[in-house]
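Structure file start-v9.cif with mmCIF, C-alpha atoms:
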```cif
data_upload
#
loop_
_atom_site.label_atom_id
_atom_site.label_comp_id
_atom_site.auth_asym_id
_atom_site.auth_seq_id
_atom_site.Cartn_x
_atom_site.Cartn_y
_atom_site.Cartn_z
CA MET A 146 18.43 47.70 -8.26
CA ALA A 147 22.20 47.44 -8.55
CA TYR A 148 24.20 47.67 -5.35
CA GLU A 149 27.95 48.00 -5.84
CA LEU A 150 28.98 47.55 -2.19
CA LYS A 151 30.82 44.33 -1.43
CA VAL A 152 28.47 42.98 1.20
CA ILE A 153 29.73 40.84 4.08
CA ASP A 154 27.46 37.93 4.92
CA PHE A 155 27.18 38.56 8.67
CA MET A 156 23.91 36.66 8.94
CA GLY A 157 25.36 33.63 7.16
CA ILE A 158 27.19 32.53 10.29
CA ARG A 159 24.50 33.58 12.76
CA LYS A 160 23.95 29.98 13.91
CA TYR A 161 27.56 29.75 15.05
CA THR A 162 27.63 33.20 16.63
CA ASN A 163 24.35 32.47 18.41
CA ALA A 164 25.79 29.24 19.80
CA PHE A 165 28.94 31.07 20.89
CA SER A 166 26.90 33.80 22.58
CA ILE A 167 24.76 31.27 24.44
CA VAL A 168 27.81 29.33 25.68
CA VAL A 169 29.53 32.54 26.83
CA ALA A 170 26.36 33.70 28.60
CA ILE A 171 25.99 30.36 30.42
CA LEU A 172 29.64 30.45 31.53
CA ALA A 173 29.22 34.07 32.65
CA ILE A 174 26.15 33.26 34.72
CA ALA A 175 27.93 30.25 36.26
CA SER A 176 30.91 32.39 37.21
CA ILE A 177 28.69 35.05 38.80
CA VAL A 178 26.64 32.48 40.74
CA PHE A 179 29.43 30.19 41.92
CA GLN A 180 32.43 32.53 42.13
CA GLY A 181 30.65 35.60 43.42
CA PHE A 182 31.91 39.15 43.49
CA LYS A 183 34.86 40.42 45.46
CA PHE A 184 33.10 43.55 46.66
CA GLY A 185 35.11 46.61 47.61
CA LEU A 186 34.50 48.51 50.82
CA ASP A 187 31.92 50.69 49.02
CA PHE A 188 29.60 47.68 49.25
CA THR A 189 30.96 45.69 52.19
CA GLY A 190 31.66 48.61 54.50
CA GLY A 191 35.09 49.49 55.81
CA THR A 192 37.58 52.31 56.18
CA GLN A 193 39.61 54.43 53.83
CA LEU A 194 42.65 56.33 55.10
CA GLU A 195 44.57 58.92 53.11
CA VAL A 196 48.08 59.44 54.47
CA GLN A 197 51.03 61.52 53.36
CA PHE A 198 54.68 60.42 53.65
CA ASP A 199 57.60 62.84 53.87
CA GLN A 200 59.42 60.66 51.33
CA PRO A 201 58.44 58.28 48.52
CA ALA A 202 56.29 55.58 50.10
CA ASP A 203 57.52 52.00 50.18
CA LEU A 204 54.27 50.22 49.35
CA ALA A 205 55.78 46.78 49.96
CA LYS A 206 56.51 47.66 53.59
CA VAL A 207 53.13 49.36 53.98
CA ARG A 208 51.33 46.24 52.76
CA HIS A 209 53.48 44.07 55.01
CA VAL A 210 52.31 46.06 58.05
CA LEU A 211 48.68 45.81 56.94
CA GLU A 212 49.01 42.03 56.67
CA GLU A 213 50.67 41.83 60.09
CA GLU A 214 47.71 43.72 61.54
CA LYS A 215 45.45 41.04 60.00
CA LEU A 216 43.26 43.61 58.29
CA HIS A 217 40.57 42.20 56.02
CA ALA A 218 41.27 42.67 52.27
CA PRO A 219 43.77 45.52 52.75
CA VAL A 220 44.74 47.69 49.78
CA ALA A 221 47.51 50.30 49.66
CA VAL A 222 47.95 52.41 46.53
CA THR A 223 49.54 55.72 45.67
CA PHE A 224 47.49 58.57 44.24
CA GLY A 225 48.48 62.00 43.07
CA SER A 226 52.16 61.47 43.91
CA ASP A 227 54.43 58.72 45.23
CA ARG A 228 54.16 60.25 48.73
CA ASP A 229 50.38 60.12 48.97
CA VAL A 230 49.00 56.71 49.89
CA MET A 231 45.42 55.50 50.15
CA ILE A 232 44.82 52.60 52.52
CA ARG A 233 41.55 50.72 52.22
CA THR A 234 40.32 47.86 54.34
CA GLN A 235 36.98 46.21 54.95
CA ASP A 236 37.54 46.53 58.70
CA GLN A 237 36.06 49.30 60.81
CA MET A 238 38.77 51.20 62.68
CA SER A 239 36.48 51.39 65.73
CA VAL A 240 36.28 47.58 65.82
CA LYS A 241 40.06 47.23 65.49
CA GLY A 242 40.45 49.83 68.23
CA ARG A 243 38.14 47.81 70.44
CA GLU A 244 40.23 44.70 69.82
CA LEU A 245 43.38 46.66 70.71
CA ILE A 246 42.07 47.97 74.04
CA THR A 247 40.50 44.59 74.88
CA ALA A 248 43.92 42.93 74.63
CA GLU A 249 45.52 45.62 76.81
CA ILE A 250 42.83 45.35 79.51
CA ALA A 251 43.15 41.55 79.58
CA LYS A 252 46.83 41.96 80.54
CA LEU A 253 45.71 43.41 83.90
CA GLY A 254 44.72 39.89 84.98
CA ASN A 255 42.17 38.85 87.62
CA GLY A 256 39.49 38.51 84.92
CA ALA A 257 39.65 42.15 83.84
CA ALA A 258 37.74 42.52 80.57
CA LEU A 259 36.11 45.07 78.34
CA PHE A 260 32.37 44.97 79.03
CA GLU A 261 31.13 47.45 76.44
CA VAL A 262 31.84 50.70 74.63
CA ALA A 263 29.03 53.14 75.41
CA ARG A 264 28.12 56.57 74.13
CA PRO A 265 28.91 59.52 76.43
CA THR A 266 26.15 61.12 78.48
CA ARG A 267 25.27 64.82 78.46
CA GLU A 268 27.49 65.32 81.49
CA GLN A 269 30.37 63.87 79.47
CA ASP A 270 30.08 66.39 76.65
CA GLY A 271 33.33 66.68 74.70
CA PHE A 272 34.16 62.98 75.02
CA VAL A 273 33.70 60.43 72.24
CA ASP A 274 33.54 56.97 73.84
CA VAL A 275 32.96 55.56 77.31
CA ILE A 276 34.92 52.37 77.96
CA VAL A 277 33.14 50.13 80.49
CA ILE A 278 35.45 47.57 82.19
CA SER A 279 34.59 44.69 84.51
CA ASN A 280 36.62 43.09 87.34
CA VAL A 281 38.91 46.06 87.83
CA THR A 282 38.94 49.15 90.06
CA PRO A 283 39.47 52.77 88.99
CA GLU A 284 42.73 52.78 90.95
CA GLN A 285 44.07 49.83 88.97
CA ILE A 286 43.21 51.56 85.70
CA THR A 287 44.97 54.71 86.84
CA GLN A 288 48.09 52.83 87.93
CA ALA A 289 48.24 50.79 84.70
CA ASN A 290 48.09 54.00 82.63
CA ILE A 291 46.39 52.21 79.76
CA PHE A 292 44.44 55.28 78.80
CA ASP A 293 47.37 57.66 78.41
CA ALA A 294 46.85 61.24 77.26
CA GLU A 295 48.94 60.81 74.11
CA ARG A 296 46.58 58.21 72.68
CA PHE A 297 43.23 59.02 74.30
CA GLY A 298 43.47 62.73 75.12
CA ARG A 299 41.54 63.84 78.20
CA THR A 300 40.00 61.04 80.26
CA ILE A 301 37.61 60.79 83.20
CA ILE A 302 37.80 57.58 85.21
CA GLY A 303 34.74 56.75 87.27
CA GLN A 304 32.62 53.89 88.53
CA ARG A 305 29.13 52.71 87.64
CA ASP A 306 27.70 49.91 89.75
CA ALA A 307 30.31 47.12 89.67
CA TYR A 308 32.05 48.49 86.57
CA THR A 309 34.81 51.00 86.01
CA THR A 310 34.15 53.59 83.31
CA VAL A 311 36.65 55.61 81.32
CA ALA A 312 35.39 58.52 79.20
CA VAL A 313 37.94 59.29 76.48
CA GLU A 314 38.35 62.39 74.33
CA LYS A 315 39.71 60.44 71.34
CA GLY A 316 37.55 57.56 70.14
CA LEU A 317 38.74 54.02 69.51
CA GLU A 318 38.59 54.61 65.74
CA LEU A 319 41.17 57.40 65.94
CA VAL A 320 43.24 55.52 68.54
CA TYR A 321 43.68 52.52 66.25
CA SER A 322 44.35 54.70 63.19
CA GLN A 323 47.12 56.50 65.08
CA ALA A 324 48.54 53.20 66.32
CA LEU A 325 48.58 51.90 62.74
CA LEU A 326 50.35 55.01 61.49
CA LYS A 327 52.92 54.75 64.28
CA LYS A 328 53.66 51.17 63.25
CA LEU A 329 53.95 52.25 59.61
CA GLN A 330 56.39 54.98 60.59
CA THR A 331 58.54 52.47 62.47
CA GLU A 332 58.54 50.03 59.56
CA THR A 333 59.18 52.55 56.77
CA GLY A 334 61.33 55.07 58.66
CA ALA A 335 59.19 57.91 57.29
CA SER A 336 57.14 60.60 58.95
CA ILE A 337 53.45 60.02 58.15
CA LYS A 338 50.55 62.46 58.39
CA LEU A 339 46.90 61.36 58.41
CA ARG A 340 45.10 63.54 55.87
CA SER A 341 41.61 62.03 56.05
CA SER A 342 39.68 59.05 57.33
CA GLU A 343 36.37 57.86 55.93
CA SER A 344 34.25 54.99 57.16
CA VAL A 345 31.41 53.15 55.40
CA GLY A 346 29.14 51.03 57.56
CA PRO A 347 27.91 47.60 56.41
CA GLN A 348 24.32 48.82 56.22
CA ILE A 349 25.26 51.71 53.94
CA GLY A 350 27.28 49.28 51.82
CA ASP A 351 24.24 47.04 51.39
CA GLU A 352 22.13 50.03 50.38
CA LEU A 353 24.72 51.11 47.80
CA ARG A 354 24.85 47.59 46.38
CA ASP A 355 21.06 47.40 46.08
CA SER A 356 20.87 50.88 44.57
CA GLY A 357 23.57 49.96 42.05
CA GLY A 358 21.67 46.87 40.94
CA LEU A 359 18.46 48.89 40.58
CA GLY A 360 20.39 51.49 38.61
CA ILE A 361 21.49 48.90 36.07
CA LEU A 362 17.95 47.53 35.74
CA PHE A 363 16.58 51.05 35.38
CA ALA A 364 19.10 51.74 32.61
CA PHE A 365 17.97 48.58 30.79
CA GLY A 366 14.34 49.68 31.09
CA LEU A 367 14.99 53.17 29.73
CA VAL A 368 16.97 51.77 26.79
CA PHE A 369 14.14 49.34 25.97
CA LEU A 370 11.54 52.14 26.00
CA TYR A 371 13.71 54.52 23.98
CA VAL A 372 14.43 52.00 21.22
CA ALA A 373 10.77 50.93 21.13
CA VAL A 374 9.65 54.54 20.65
CA GLN A 375 12.33 55.49 18.12
CA PHE A 376 12.28 52.24 16.14
CA GLN A 377 10.03 49.29 16.91
CA TRP A 378 9.57 46.89 19.85
CA LYS A 379 11.36 44.06 18.02
CA PHE A 380 14.44 46.26 17.87
CA SER A 381 14.05 46.88 21.60
CA VAL A 382 14.25 43.17 22.33
CA GLY A 383 17.41 42.83 20.23
CA ALA A 384 19.04 45.85 21.86
CA LEU A 385 18.18 44.65 25.36
CA VAL A 386 19.51 41.13 24.76
CA GLY A 387 22.75 42.60 23.42
CA LEU A 388 23.17 44.90 26.43
CA VAL A 389 22.44 42.11 28.90
CA HIS A 390 25.04 39.92 27.18
CA VAL A 391 27.73 42.63 27.37
CA THR A 392 26.92 43.34 31.01
CA LEU A 393 26.96 39.66 31.98
CA VAL A 394 30.31 39.03 30.33
CA THR A 395 31.91 42.09 31.92
CA LEU A 396 30.59 41.23 35.38
CA ALA A 397 31.69 37.61 34.93
CA CYS A 398 35.26 38.69 34.23
CA PHE A 399 35.33 40.46 37.60
CA THR A 400 34.03 37.36 39.37
CA PHE A 401 36.31 34.94 37.50
CA PHE A 402 39.50 36.91 38.16
CA GLN A 403 38.25 38.10 41.57
CA TRP A 404 38.95 41.74 40.79
CA ASP A 405 37.60 44.29 43.25
CA PHE A 406 34.08 45.42 42.40
CA ASP A 407 33.31 48.88 43.77
CA LEU A 408 31.37 52.01 42.85
CA VAL A 409 33.97 52.95 40.21
CA VAL A 410 33.39 49.64 38.40
CA LEU A 411 29.62 50.05 38.77
CA ALA A 412 29.91 53.47 37.13
CA ALA A 413 31.84 51.83 34.28
CA ILE A 414 29.09 49.23 33.81
CA ILE A 415 26.39 51.89 33.57
CA ALA A 416 28.56 53.99 31.23
CA LEU A 417 29.13 50.88 29.13
CA ILE A 418 25.39 50.38 28.74
CA GLY A 419 25.08 53.89 27.32
CA TYR A 420 28.09 53.45 25.07
CA SER A 421 27.01 50.05 23.70
CA ILE A 422 23.47 51.14 22.87
CA ASN A 423 24.89 54.09 20.93
CA ASP A 424 26.64 51.79 18.45
CA THR A 425 23.60 49.51 18.27
CA ILE A 426 21.33 52.45 17.45
CA VAL A 427 23.61 53.51 14.58
CA ILE A 428 23.26 50.03 13.07
CA PHE A 429 19.50 49.95 13.69
CA ASP A 430 19.08 53.35 12.09
CA ARG A 431 20.84 52.17 8.94
CA ILE A 432 18.72 48.99 8.90
CA ARG A 433 15.55 51.05 9.13
CA GLU A 434 16.74 53.37 6.37
CA ASN A 435 17.62 50.47 4.06
CA PHE A 436 14.34 48.67 4.74
CA ARG A 437 12.59 51.72 3.34
CA LYS A 438 14.96 52.11 0.36
CA LEU A 439 15.59 48.48 -0.64
CA ARG A 440 12.05 47.19 -0.39
CA ALA A 441 12.48 44.39 -2.90
CA MET A 442 15.30 42.73 -0.97
CA ASP A 443 15.12 39.99 1.64
CA PRO A 444 15.36 41.22 5.29
CA ILE A 445 18.57 39.24 5.87
CA GLU A 446 20.17 40.85 2.81
CA ILE A 447 19.17 44.28 4.06
CA VAL A 448 20.66 43.59 7.49
CA ASN A 449 23.91 42.40 5.87
CA ILE A 450 24.10 45.53 3.74
CA SER A 451 23.36 47.78 6.73
CA MET A 452 26.00 46.22 8.95
CA THR A 453 28.56 46.29 6.14
CA GLN A 454 27.92 50.00 5.65
CA THR A 455 28.38 50.75 9.36
CA LEU A 456 31.23 48.30 10.00
CA GLY A 457 34.02 50.80 9.42
CA ARG A 458 32.44 53.34 11.74
CA SER A 459 31.85 50.71 14.44
CA LEU A 460 35.40 49.37 14.32
CA MET A 461 37.00 52.82 14.41
CA THR A 462 34.85 53.90 17.34
CA HIS A 463 35.53 50.76 19.36
CA VAL A 464 39.25 50.73 18.64
CA THR A 465 39.74 54.36 19.62
CA VAL A 466 37.79 53.92 22.87
CA PHE A 467 39.73 50.73 23.63
CA LEU A 468 43.06 52.51 23.09
CA VAL A 469 42.03 55.35 25.40
CA MET A 470 41.00 52.88 28.09
CA ALA A 471 44.28 50.98 27.65
CA VAL A 472 46.24 54.19 28.23
CA LEU A 473 44.08 54.92 31.28
CA TYR A 474 44.77 51.42 32.60
CA ILE A 475 48.52 51.79 32.16
CA PHE A 476 48.95 55.34 33.44
CA GLY A 477 45.81 55.92 35.53
CA GLY A 478 47.01 53.97 38.55
CA GLU A 479 45.25 51.32 40.60
CA LEU A 480 42.37 53.60 41.57
CA LEU A 481 41.13 53.70 37.96
CA SER A 482 42.18 50.20 36.92
CA GLY A 483 38.75 48.72 37.65
CA PHE A 484 37.01 51.33 35.51
CA SER A 485 39.40 50.91 32.58
CA LYS A 486 39.28 47.09 32.72
CA ALA A 487 35.48 47.07 32.71
CA MET A 488 35.36 49.45 29.77
CA MET A 489 37.96 47.53 27.74
CA ILE A 490 36.13 44.24 28.21
CA GLY A 491 32.80 45.88 27.46
CA VAL A 492 34.08 47.60 24.32
CA VAL A 493 35.33 44.32 22.85
CA PHE A 494 32.16 42.37 23.58
CA GLY A 495 30.02 45.43 22.81
CA CYS A 496 31.30 45.43 19.24
CA PHE A 497 30.46 41.73 18.91
CA SER A 498 27.10 42.24 20.59
CA SER A 499 25.99 45.10 18.33
CA ILE A 500 26.76 43.09 15.19
CA TYR A 501 26.01 39.51 16.08
CA ILE A 502 23.51 39.64 18.95
CA ALA A 503 21.30 42.72 18.69
CA ALA A 504 20.84 42.35 14.92
CA ASN A 505 20.49 38.53 15.12
CA VAL A 506 17.76 38.74 17.73
CA THR A 507 15.94 41.41 15.74
CA VAL A 508 15.99 39.19 12.63
CA ALA A 509 14.85 36.20 14.72
CA MET A 510 11.91 38.31 15.94
CA GLY A 511 10.75 38.45 12.32
CA ILE A 512 11.38 42.08 11.49
CA SER A 513 9.82 43.02 8.15
CA LYS A 514 9.35 45.99 5.85
CA GLU A 515 5.82 46.48 7.17
CA ASP A 516 7.21 47.04 10.68
CA LEU A 517 9.34 49.94 9.49
CA MET A 518 7.25 51.59 6.80
CA PRO A 519 6.13 55.08 7.83
CA ARG A 520 2.42 55.14 8.50
CA PRO A 521 0.52 56.85 5.66
CA LYS A 522 -1.10 60.13 6.52
CA GLU A 523 -4.86 60.49 6.55
CA GLY A 524 -6.21 60.34 3.04
CA GLU A 525 -3.14 58.51 1.73
CA GLU A 526 -4.18 54.98 2.66
CA GLY A 527 -4.31 54.00 -0.98
CA ALA A 528 -1.00 55.59 -1.84
CA ASP A 529 1.36 53.49 -3.92
CA LEU A 530 4.31 52.34 -1.82
CA SER A 531 6.06 50.38 -4.53
CA PRO A 532 9.62 51.37 -5.40
#
```
As structure tokens - that is how I would like this structure written.
Amino acid sequence: MAYELKVIDFMGIRKYTNAFSIVVAILAIASIVFQGFKFGLDFTGGTQLEVQFDQPADLAKVRHVLEEEKLHAPVAVTFGSDRDVMIRTQDQMSVKGRELITAEIAKLGNGAALFEVARPTREQDGFVDVIVISNVTPEQITQANIFDAERFGRTIIGQRDAYTTVAVEKGLELVYSQALLKKLQTETGASIKLRSSESVGPQIGDELRDSGGLGILFAFGLVFLYVAVQFQWKFSVGALVGLVHVTLVTLACFTFFQWDFDLVVLAAIIALIGYSINDTIVIFDRIRENFRKLRAMDPIEIVNISMTQTLGRSLMTHVTVFLVMAVLYIFGGELLSGFSKAMMIGVVFGCFSSIYIAANVTVAMGISKEDLMPRPKEGEEGADLSP
């Protein structure tokens, strides 16, 4: 059978591409294990503040204030407009508020110290926190005016056993947030309004991280089952190895460069799995079709022909997606930079994976014409299957 297509010998260099893939995978695993991820507050827990300036925000000054406050892994980015700023930190505002009031109480001297921050009782309905202080009298607290109405709202100062208690209308989380905004206003000379404040606890962050990992594994499992049903289990192994390779390399880039890894990046990883398997399935479908048409040819020849036929489509698809992600990276702002970086890396290695990993592994599994021939219907067992 004459075949006029100029076939590219993809499989002829499979030993070199296999060696390259193995080296890259080992380096990726080493980076993930020894470098570790720089998790965002979605996974570590922390606080996100959305504030609005009455003039274009000076992010350099905002970040300087955040560093002065010794916040853990602070991030300040604009979103929507140059007057809207999102501040993210892995600190809890309630903890920072506790540190703030602890320092102020210590200035009273005579061993005055914050004992605990308790929840209000039923009789203290309408109050948020109860500050319990040791080695100080209610009169001293009143005279010091630490718990002023501007910061804490209504207060009730009382005594419980040997401790002085102060029930406050505004909790320590809000008190510190307001103190931070006041310092930002002084530094930038702008009027700042707090639009929203969201907090993620460490326990919730751990649950999100575990759920994200299970989500990736679940996606791998579904892809394996789908390819096994639609094609053959040997194709499933090739597809899964290719997807794992792409995922490992993309994750390793985030560990190597210590880019923030948050839910947006996790969404990109899962989206990348779906995108990569789409290109792999197109190649597998052509391989299956050619195995049934070109029965006299060697399996490696058939794979070369199939990948040559789909090469143009694969390159155009990957290039267009890469260009879109590049535009998103440039103009989408810092909030979407993690998503676009993950997709760009995944698209590049996904193209390599579909051609040189998924197909290579499938060939190594010993795929043959018999694996892909349609099963004869009942009564056709003796049918002639020769070309």
Edge lengths and centre in Å, axis-aligned, segment 193-209 of chain A plus 8 Å each side, as lines of an AutoDock Vina configuration file:
```
center_x = 49.5
center_y = 53.5
center_z = 51.8
size_x = 35.8
size_y = 34.8
size_z = 22.6
```
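Going from atom CA of Phe155 of chain A over to atom CA of Leu456 of chain A, you cover 10.6 Å.
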Practice prompt. To verify the selection step, state as a list of chain:residue names which residues the PyMOL selection byres ((chain A and resi 218) around 8) yields on this input.
Written response: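 Going through the file, the PyMOL selection byres ((chain A and resi 218) around 8) ends up selecting A:Leu216, A:His217, A:Pro219, A:Val220, A:Thr234, A:Gln235.
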Worksheet entry | Who sits within 7 Å of segment 184-192 of chain A, all atoms listed in the file, same chain under 2 positions skipped, as a ChimeraX atom specification | /A:182,194,233-238,343-347,350-351,353-354,405-408
Closest atom pairs, segment 154-252 of chain A residues within 12 Å of segment 256-270 of chain A, only C-alpha atoms, as a tab-separated table:
```
residue	atom	partner	partner_atom	distance
A:Ser239	CA	A:Val262	CA	10.1
A:Val240	CA	A:Val262	CA	10.3
A:Gly242	CA	A:Val262	CA	10.8
A:Arg243	CA	A:Val262	CA	8.1
A:Glu244	CA	A:Leu259	CA	9.5
A:Leu245	CA	A:Leu259	CA	10.7
A:Ile246	CA	A:Leu259	CA	7.9
A:Thr247	CA	A:Leu259	CA	5.6
A:Ala248	CA	A:Ala258	CA	8.6
A:Glu249	CA	A:Ala258	CA	9.2
A:Ile250	CA	A:Ala258	CA	5.9
A:Ala251	CA	A:Ala257	CA	5.5
A:Lys252	CA	A:Ala257	CA	7.9
```
Discussion item. Suppose a student applies the PyMOL selection byres ((chain A and resi 512) around 12) to this structure; what residues should they get, written as a PyMOL selection string?
Written reply: chain A and resi 376-383+429+432-433+436+443-445+447-448+504-511+513-518
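The smallest atom-to-atom distance between Leu396 of chain A and any of A:Leu319, A:Ala364, A:Val427, A:Ile490, using all atoms listed in the file, is found for A:Ile490.
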Result set of the PyMOL selection byres ((chain A and resi 291-308) around 10) on the coordinates above, as a PDB file with C-alpha atoms, keeping the file's coordinate frame:
```pdb
ATOM      1  CA  ILE A 246      42.070  47.970  74.040  1.00  0.00           C
ATOM      2  CA  GLU A 249      45.520  45.620  76.810  1.00  0.00           C
ATOM      3  CA  ILE A 250      42.830  45.350  79.510  1.00  0.00           C
ATOM      4  CA  LEU A 253      45.710  43.410  83.900  1.00  0.00           C
ATOM      5  CA  LEU A 259      36.110  45.070  78.340  1.00  0.00           C
ATOM      6  CA  PHE A 260      32.370  44.970  79.030  1.00  0.00           C
ATOM      7  CA  GLN A 269      30.370  63.870  79.470  1.00  0.00           C
ATOM      8  CA  GLY A 271      33.330  66.680  74.700  1.00  0.00           C
ATOM      9  CA  PHE A 272      34.160  62.980  75.020  1.00  0.00           C
ATOM     10  CA  VAL A 273      33.700  60.430  72.240  1.00  0.00           C
ATOM     11  CA  ASP A 274      33.540  56.970  73.840  1.00  0.00           C
ATOM     12  CA  VAL A 275      32.960  55.560  77.310  1.00  0.00           C
ATOM     13  CA  ILE A 276      34.920  52.370  77.960  1.00  0.00           C
ATOM     14  CA  VAL A 277      33.140  50.130  80.490  1.00  0.00           C
ATOM     15  CA  ILE A 278      35.450  47.570  82.190  1.00  0.00           C
ATOM     16  CA  SER A 279      34.590  44.690  84.510  1.00  0.00           C
ATOM     17  CA  ASN A 280      36.620  43.090  87.340  1.00  0.00           C
ATOM     18  CA  VAL A 281      38.910  46.060  87.830  1.00  0.00           C
ATOM     19  CA  THR A 282      38.940  49.150  90.060  1.00  0.00           C
ATOM     20  CA  PRO A 283      39.470  52.770  88.990  1.00  0.00           C
ATOM     21  CA  GLU A 284      42.730  52.780  90.950  1.00  0.00           C
ATOM     22  CA  GLN A 285      44.070  49.830  88.970  1.00  0.00           C
ATOM     23  CA  ILE A 286      43.210  51.560  85.700  1.00  0.00           C
ATOM     24  CA  THR A 287      44.970  54.710  86.840  1.00  0.00           C
ATOM     25  CA  GLN A 288      48.090  52.830  87.930  1.00  0.00           C
ATOM     26  CA  ALA A 289      48.240  50.790  84.700  1.00  0.00           C
ATOM     27  CA  ASN A 290      48.090  54.000  82.630  1.00  0.00           C
ATOM     28  CA  THR A 309      34.810  51.000  86.010  1.00  0.00           C
ATOM     29  CA  THR A 310      34.150  53.590  83.310  1.00  0.00           C
ATOM     30  CA  VAL A 311      36.650  55.610  81.320  1.00  0.00           C
ATOM     31  CA  ALA A 312      35.390  58.520  79.200  1.00  0.00           C
ATOM     32  CA  VAL A 313      37.940  59.290  76.480  1.00  0.00           C
ATOM     33  CA  GLU A 314      38.350  62.390  74.330  1.00  0.00           C
ATOM     34  CA  LYS A 315      39.710  60.440  71.340  1.00  0.00           C
ATOM     35  CA  GLY A 316      37.550  57.560  70.140  1.00  0.00           C
ATOM     36  CA  LEU A 317      38.740  54.020  69.510  1.00  0.00           C
ATOM     37  CA  LEU A 319      41.170  57.400  65.940  1.00  0.00           C
ATOM     38  CA  VAL A 320      43.240  55.520  68.540  1.00  0.00           C
ATOM     39  CA  TYR A 321      43.680  52.520  66.250  1.00  0.00           C
ATOM     40  CA  GLN A 323      47.120  56.500  65.080  1.00  0.00           C
ATOM     41  CA  ALA A 324      48.540  53.200  66.320  1.00  0.00           C
TER      42      ALA A 324
END
```
Worksheet item: Using all atoms listed in the file, which residue out of A:Asp430, A:Gly477, A:Asn163, A:Ala173 lies closest to Gln454 of chain A?
Response: A:Asp430
Fill in: Distance of atom CA of Thr392 of chain A from atom CA of Gly491 of chain A, expressed in Å to one decimal place
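Those two atoms sit 7.3 Å apart.
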Worksheet item: List as a PyMOL selection string: which residues have an atom within 9 Å of (26.3, 48.7, 22.5), counting only C-alpha atoms?
Response: chain A and resi 384+387-388+391+417-426+491-492+494-499+503
Worksheet, complete the sentence: One residue among A:Ser485, A:Asp203, A:Val210, A:Ile502 is nearest to Thr223 of chain A when using all atoms listed in the file, and that residue is A:Asp203
Worksheet item: Within 12 Å of Lys327 of chain A, counting all atoms listed in the file, which residues qualify if same-chain residues fewer than 5 places away don't, as JSON, numbers by chain?
Response: {"A": [196, 207, 210, 296, 320, 321, 322, 332, 333, 334, 335, 336, 337, 338, 339]}
Worksheet item: atom CA of Leu211 of chain A to atom CA of Ala412 of chain A: how many Å, to one decimal?
Response: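 So the two atoms, atom CA of Leu211 of chain A and atom CA of Ala412 of chain A, lie 28.3 Å apart.
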